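Visitor: Can you read through this structure? Questions will come right after.
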Protein chains: 4
Amino acid sequence: MTESSEPDSSASRDWLTTSIGHSTPDSITVRGRDLASEVMGRMSFTDLAFLLASGRTPSEAEATLFNAVLVSLADHGLTPTALAARLTYTGAPEAMQGAVAAGLLGGGSVFLGPVEDTARFLNGILETFPQDELPDDTALESAAADAVRRTLDAGLRIPGLGHPIHRETDPRTPRFFELAGEGGQVGPNLRLLKFVAEAQQKATGKALPINGAGAAGAVLADLGFPPPLTRGFALLARTAGLIGHLAEEMEHPIGLRLYKEVDARASRNAEPEAP
Amino acid sequence: MTESSEPDSSASRDWLTTSIGHSTPDSITVRGRDLASEVMGRMSFTDLAFLLASGRTPSEAEATLFNAVLVSLADHGLTPTALAARLTYTGAPEAMQGAVAAGLLGGGSVFLGPVEDTARFLNGILETFPQDELPDDTALESAAADAVRRTLDAGLRIPGLGHPIHRETDPRTPRFFELAGEGGQVGPNLRLLKFVAEAQQKATGKALPINGAGAAGAVLADLGFPPPLTRGFALLARTAGLIGHLAEEMEHPIGLRLYKEVDARASRNAEPEAP
Amino acid sequence: MTESSEPDSSASRDWLTTSIGHSTPDSITVRGRDLASEVMGRMSFTDLAFLLASGRTPSEAEATLFNAVLVSLADHGLTPTALAARLTYTGAPEAMQGAVAAGLLGGGSVFLGPVEDTARFLNGILETFPQDELPDDTALESAAADAVRRTLDAGLRIPGLGHPIHRETDPRTPRFFELAGEGGQVGPNLRLLKFVAEAQQKATGKALPINGAGAAGAVLADLGFPPPLTRGFALLARTAGLIGHLAEEMEHPIGLRLYKEVDARASRNAEPEAP
Amino acid sequence: MTESSEPDSSASRDWLTTSIGHSTPDSITVRGRDLASEVMGRMSFTDLAFLLASGRTPSEAEATLFNAVLVSLADHGLTPTALAARLTYTGAPEAMQGAVAAGLLGGGSVFLGPVEDTARFLNGILETFPQDELPDDTALESAAADAVRRTLDAGLRIPGLGHPIHRETDPRTPRFFELAGEGGQVGPNLRLLKFVAEAQQKATGKALPINGAGAAGAVLADLGFPPPLTRGFALLARTAGLIGHLAEEMEHPIGLRLYKEVDARASRNAEPEAP
């Protein structure tokens, strides 16, 4: 990386580029759009998030679904991630970025995994179809039944199904199908997920609802995002929830009191004879 | 968690509450709204972010400005934070939440600080006015001149002014004033910031532009957010940018090559006689 | 935290305990030892780390090996993790915990994985032996050959072998065997790893050295630590390296200059006609 | 970073160096020492941590104190940081580096700050003495009294004094003075801290004990480390504690149960009429 004026060796410089954004003294460009004149006041933040990750802006129907995905994943109450964020804020209120980061770090296989796992599972099934053919319902139904049988035979769980609280219907799921239908966007992943749920019920005799995270993963896949990016968007959604929790923590803190109760209780268990 | 065996005392349970969200078997509620019927498909993700942090939904004019703030802070090319995220992804591609978190952790005093510092600085000036009076321009101008003089006399920098690349005008700033004006939202913080820039120029003879981060901080303050939350929203914005960078890293990786070049160059400097 | 209003039930309180440590007004206890009188000045920090994770103090021979593991994993120059830490420090020097955390977050499958993967791989082989029998060399050699053949047939890599820089011998490996031998501690994992390397060479005709991370994983396994904890100790070791890098960054910073070079280079690639 | 073989421009390469460590095909060097032959089996991990951060190895007396500092800061029971780590592990057990990082991110101003704040406070006082003169006790006593008076007059707290649990004596403090005395290492920072405590008591009439974190900060300062590095070592110490907590979490998990209790309790407070 020489700063002086030797000739550009284009072959070896190629790799150090980014299309995400750059600045000149007079302009800021993001994914090829001028920030001040083409984005600010013209594009929503959500549309920009879509554009930054995919390189294209969403249609109106796509944007409705994309926003629905993000709002559905933003918050779930005092989850381990929200608690970790609030506890971290308690220790380092001067560095909010640490509290947000700590909250996101729990967004792994257990709580956010279902979004990506479902996208991956459906993707694996759809990959078996020829690229240029949109599979019809009969084909999807059959492929779903096969995949479910193989997964259950391997002793594995089917991603996207079941929920510890919403045992009959996850309220987000019907809404996803409704919105997708309104926008003419019930894509192959979402349709396939329905067949997967039906095949699971037939195979086990037990009905498990499609959970919101799984439906969100299917919708993101139908919007064209590869599985790892579905987890990225779950993290973006969760960031908004965490900032809400931290806003609340600033006004009605629970972190310090939670710590004191836990610590006192654990101490009592360690030194039972102490007062 | 009662510490002794007294009966459940609502007084000791009060503090463990959250208004951010909770779930029942049939519903998910965020800030009092039913997620499936009132939020999904009806509220944008950005509106929900506003609601989660403030407890109220934004008006249309407020939403335009809020989106403009977020898009203006989402990305700035291969910043230290984007680089840290991409390098972390290189080492742990299976845990995207780590890469996003690492990218956010650099969002501290140097790069994201200006948003919060400006909000804090302006807040400090506006606090001197009686609560029930909206200060007029003359009062703001005078208060700005005082604050600038005191700050410069103390040897401190004025937050919100100057930029290493946009030395004459930061392209985001005029656009903020334009959008605020269109929505009838040029609030006291933004007006005050203008007077601060003018007072700075009078006092030093050197014109420093209002930078985009400072303008964003002023806009967020006028939307009613306290200074620490302005940093929270800068982090939310940056998360979208980081996901864009990670999407690009998956397709056009630079992390590993950057590491190899840096490592080779440092090694050459350590063992000059090695080939 | 009683779930309903039943009287304090010790059964529901049992789970909230920790043996790691607790405090009373007069004492601090860690894993059952009094900190001030039994640990400070009597136990090294490394011995305490061993004790905290395992619940027992190491013998002298075990401590020698454990220290050797940690020093071998502490630093590897300007790795992506060290770079991420230094770049994060550049953005948030007031929050060093963020820089350390960012450096650790890259410690995933690519760079730290080999420690845990090797421990896991060896563990999987040793599990096939009856618990009460220490397998002799003949048995280990045979089991190694089987495992290598199965792994290669499945198209997978053998963990613990090979290194991009130390192509013939990783200098840490012979030293591990030497130290283990001196302390009479060449346990089954380390012996097995040797047979794995030999079996790999026989099977492919190509010699790959046992890498230091793999040897470290084997040593940690022989010290009784389960595979996930081997990654934990790699992280502890790396923390010391990161603090060294941050100490250097404070005196001889490279973060800001690296960012500026990368940013300038990427900008030149984006706007080739700009000066 | 030259892409081809043009001449080395030493001016532009100078800054990209590190003295922390580097590798060649046959050797690994850390701070100038050959890892395999001079460090493994010869230096403890703690000595290496000292060396990496300072560039020199500690004497035996210094090592005793340094180890005492680290063990004293390693763990404090189920602190917010330990809880955040365990909760994060609950969500992402496959990425232990996230759990460790989350635990460290709470190590900010509230819990780890005292180590650095005390070092900084004492440093500020000692800086007023001429560099080549070791201040005697009379001078230190007088300077302590001045600093205490100025700090109290400014309405600020004196760092290093007081503890919410150890209200009379923090058990770590006498042990630090004892160990320092045994090694002939009662340096100016530690002596000054004693005078600060005495001056505080005279000025307010209320005795506050020197807390362990403050004493640790003073000891680290006397070992020659600048204040920011004292926080770095507190983080290193805490990493060992966090790994202990995560080891326990793998065997006796509390994260999921804690989350369920908190969530249930908050839900009851949100929907009081629900069963």
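Each chain in the structure tokens gets a letter, A, B and so on, in the order shown; residues start at 1 in every chain, and ligands are counted from 1 in the order they appear.
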Residues of chain D near chain C: apply a cut-off of 7 Å, count only C-alpha atoms, and supply the list as a count of residues only.
Guide: 57
Visitor: Give me the RMSD in Å over all C-alpha atoms, paired in order, after least-squares superposition of chain D onto chain B.
Guide: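 The optimal C-alpha superposition leaves an RMSD of 1.4 Å.
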Visitor: What is the distance, in Å and to one decimal place, between CA of Ala213 in chain C and CA of Leu73 in chain C?
Guide: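 Going from CA of Ala213 in chain C over to CA of Leu73 in chain C covers 7.2 Å.
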Visitor: Please identify which residues in range 54-260 of chain D DSSP calls helix (DSSP H, G or I) from the backbone, and express them as a ChimeraX atom specification.
Guide: /D:54,60-73,80-91,96-105,113-126,137-153,172-182,188-204,212-222,227-251,255-260
Visitor: Calculate how many Å separate CA of Gly214 in chain C from CA of Val115 in chain C, rounding to one decimal.
Guide: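 So the two atoms, CA of Gly214 in chain C and CA of Val115 in chain C, lie 5.1 Å apart.
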Visitor: I'd like the neighbourhood of Ala197 in chain A as number ranges by chain, where a residue qualifies if any of its atoms comes within 10 Å (using only C-alpha atoms), though same-chain residues fewer than 6 positions away should be ignored.
Guide: A: 144-145, 148, 158-162, 203, 207-210
Visitor: So how far away is CA of Arg86 in chain D from CA of Ala84 in chain A, in Å?
Guide: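 Computed distance, CA of Ala84 in chain A to CA of Arg86 in chain D, equals 8.8 Å.
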Visitor: Report the residues of range 11-191 of chain C whose backbone DSSP state falls under strand (DSSP E), written as a PDB file with N, CA, C and O atoms, in the first residue's frame.
Guide:
ATOM      1  N   GLY C  21     -17.140 -18.667  43.360  1.00  0.00           N
ATOM      2  CA  GLY C  21     -16.670 -17.756  44.390  1.00  0.00           C
ATOM      3  C   GLY C  21     -17.813 -17.005  45.020  1.00  0.00           C
ATOM      4  O   GLY C  21     -18.907 -16.923  44.461  1.00  0.00           O
ATOM      5  N   HIS C  22     -17.548 -16.494  46.189  1.00  0.00           N
ATOM      6  CA  HIS C  22     -18.500 -15.600  46.836  1.00  0.00           C
ATOM      7  C   HIS C  22     -17.800 -14.803  47.922  1.00  0.00           C
ATOM      8  O   HIS C  22     -16.647 -15.094  48.276  1.00  0.00           O
ATOM      9  N   SER C  23     -18.492 -13.794  48.412  1.00  0.00           N
ATOM     10  CA  SER C  23     -17.897 -12.905  49.415  1.00  0.00           C
ATOM     11  C   SER C  23     -18.779 -12.778  50.634  1.00  0.00           C
ATOM     12  O   SER C  23     -20.005 -12.852  50.540  1.00  0.00           O
ATOM     13  N   ILE C  28     -13.214 -13.385  51.075  1.00  0.00           N
ATOM     14  CA  ILE C  28     -13.533 -13.700  49.676  1.00  0.00           C
ATOM     15  C   ILE C  28     -13.047 -15.123  49.445  1.00  0.00           C
ATOM     16  O   ILE C  28     -11.911 -15.464  49.793  1.00  0.00           O
ATOM     17  N   THR C  29     -13.923 -15.934  48.898  1.00  0.00           N
ATOM     18  CA  THR C  29     -13.599 -17.338  48.689  1.00  0.00           C
ATOM     19  C   THR C  29     -13.681 -17.652  47.208  1.00  0.00           C
ATOM     20  O   THR C  29     -14.635 -17.246  46.541  1.00  0.00           O
ATOM     21  N   VAL C  30     -12.678 -18.349  46.695  1.00  0.00           N
ATOM     22  CA  VAL C  30     -12.741 -18.815  45.313  1.00  0.00           C
ATOM     23  C   VAL C  30     -12.524 -20.318  45.298  1.00  0.00           C
ATOM     24  O   VAL C  30     -11.520 -20.796  45.837  1.00  0.00           O
ATOM     25  N   ARG C  33     -11.285 -21.823  48.389  1.00  0.00           N
ATOM     26  CA  ARG C  33     -10.076 -21.326  49.041  1.00  0.00           C
ATOM     27  C   ARG C  33     -10.271 -19.875  49.451  1.00  0.00           C
ATOM     28  O   ARG C  33     -10.851 -19.089  48.711  1.00  0.00           O
ATOM     29  N   ASP C  34      -9.700 -19.531  50.614  1.00  0.00           N
ATOM     30  CA  ASP C  34      -9.757 -18.143  51.044  1.00  0.00           C
ATOM     31  C   ASP C  34      -8.770 -17.336  50.202  1.00  0.00           C
ATOM     32  O   ASP C  34      -7.570 -17.619  50.163  1.00  0.00           O
TER      33      ASP C  34
END
Visitor: Within 9 Å of range 128-134 of chain D, counting only C-alpha atoms, which residues qualify if same-chain residues fewer than 3 places away don't, as a PyMOL selection string?
Guide: chain D and resi 123-125+143+188
Visitor: Take the residues from that selection and write them out as a PDB file, in the first residue's frame, keeping C-alpha atoms.
Guide:
ATOM      1  CA  ASN D 123      -0.449   8.948  39.249  1.00  0.00           C
ATOM      2  CA  GLY D 124      -1.834  12.476  39.160  1.00  0.00           C
ATOM      3  CA  ILE D 125      -0.467  13.154  42.613  1.00  0.00           C
ATOM      4  CA  ALA D 143       0.369  15.561  48.944  1.00  0.00           C
ATOM      5  CA  PRO D 188       5.234   5.103  46.182  1.00  0.00           C
TER       6      PRO D 188
END
Visitor: Name all residues at most 8 Å from Ala61 in chain D (count only C-alpha atoms; drop same-chain ones fewer than 6 positions away) and give them as a list in words.
Guide: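 The filter keeps Gly183, Gly184 and Gln185 of chain D.
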Visitor: Which residue is closest to Val262 in chain D? Choose from A:Gly224, A:Gly155, A:Pro80, A:Gly212 and count only C-alpha atoms.
Guide: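 For Val262 in chain D, the nearest of the given residues is A:Pro80.
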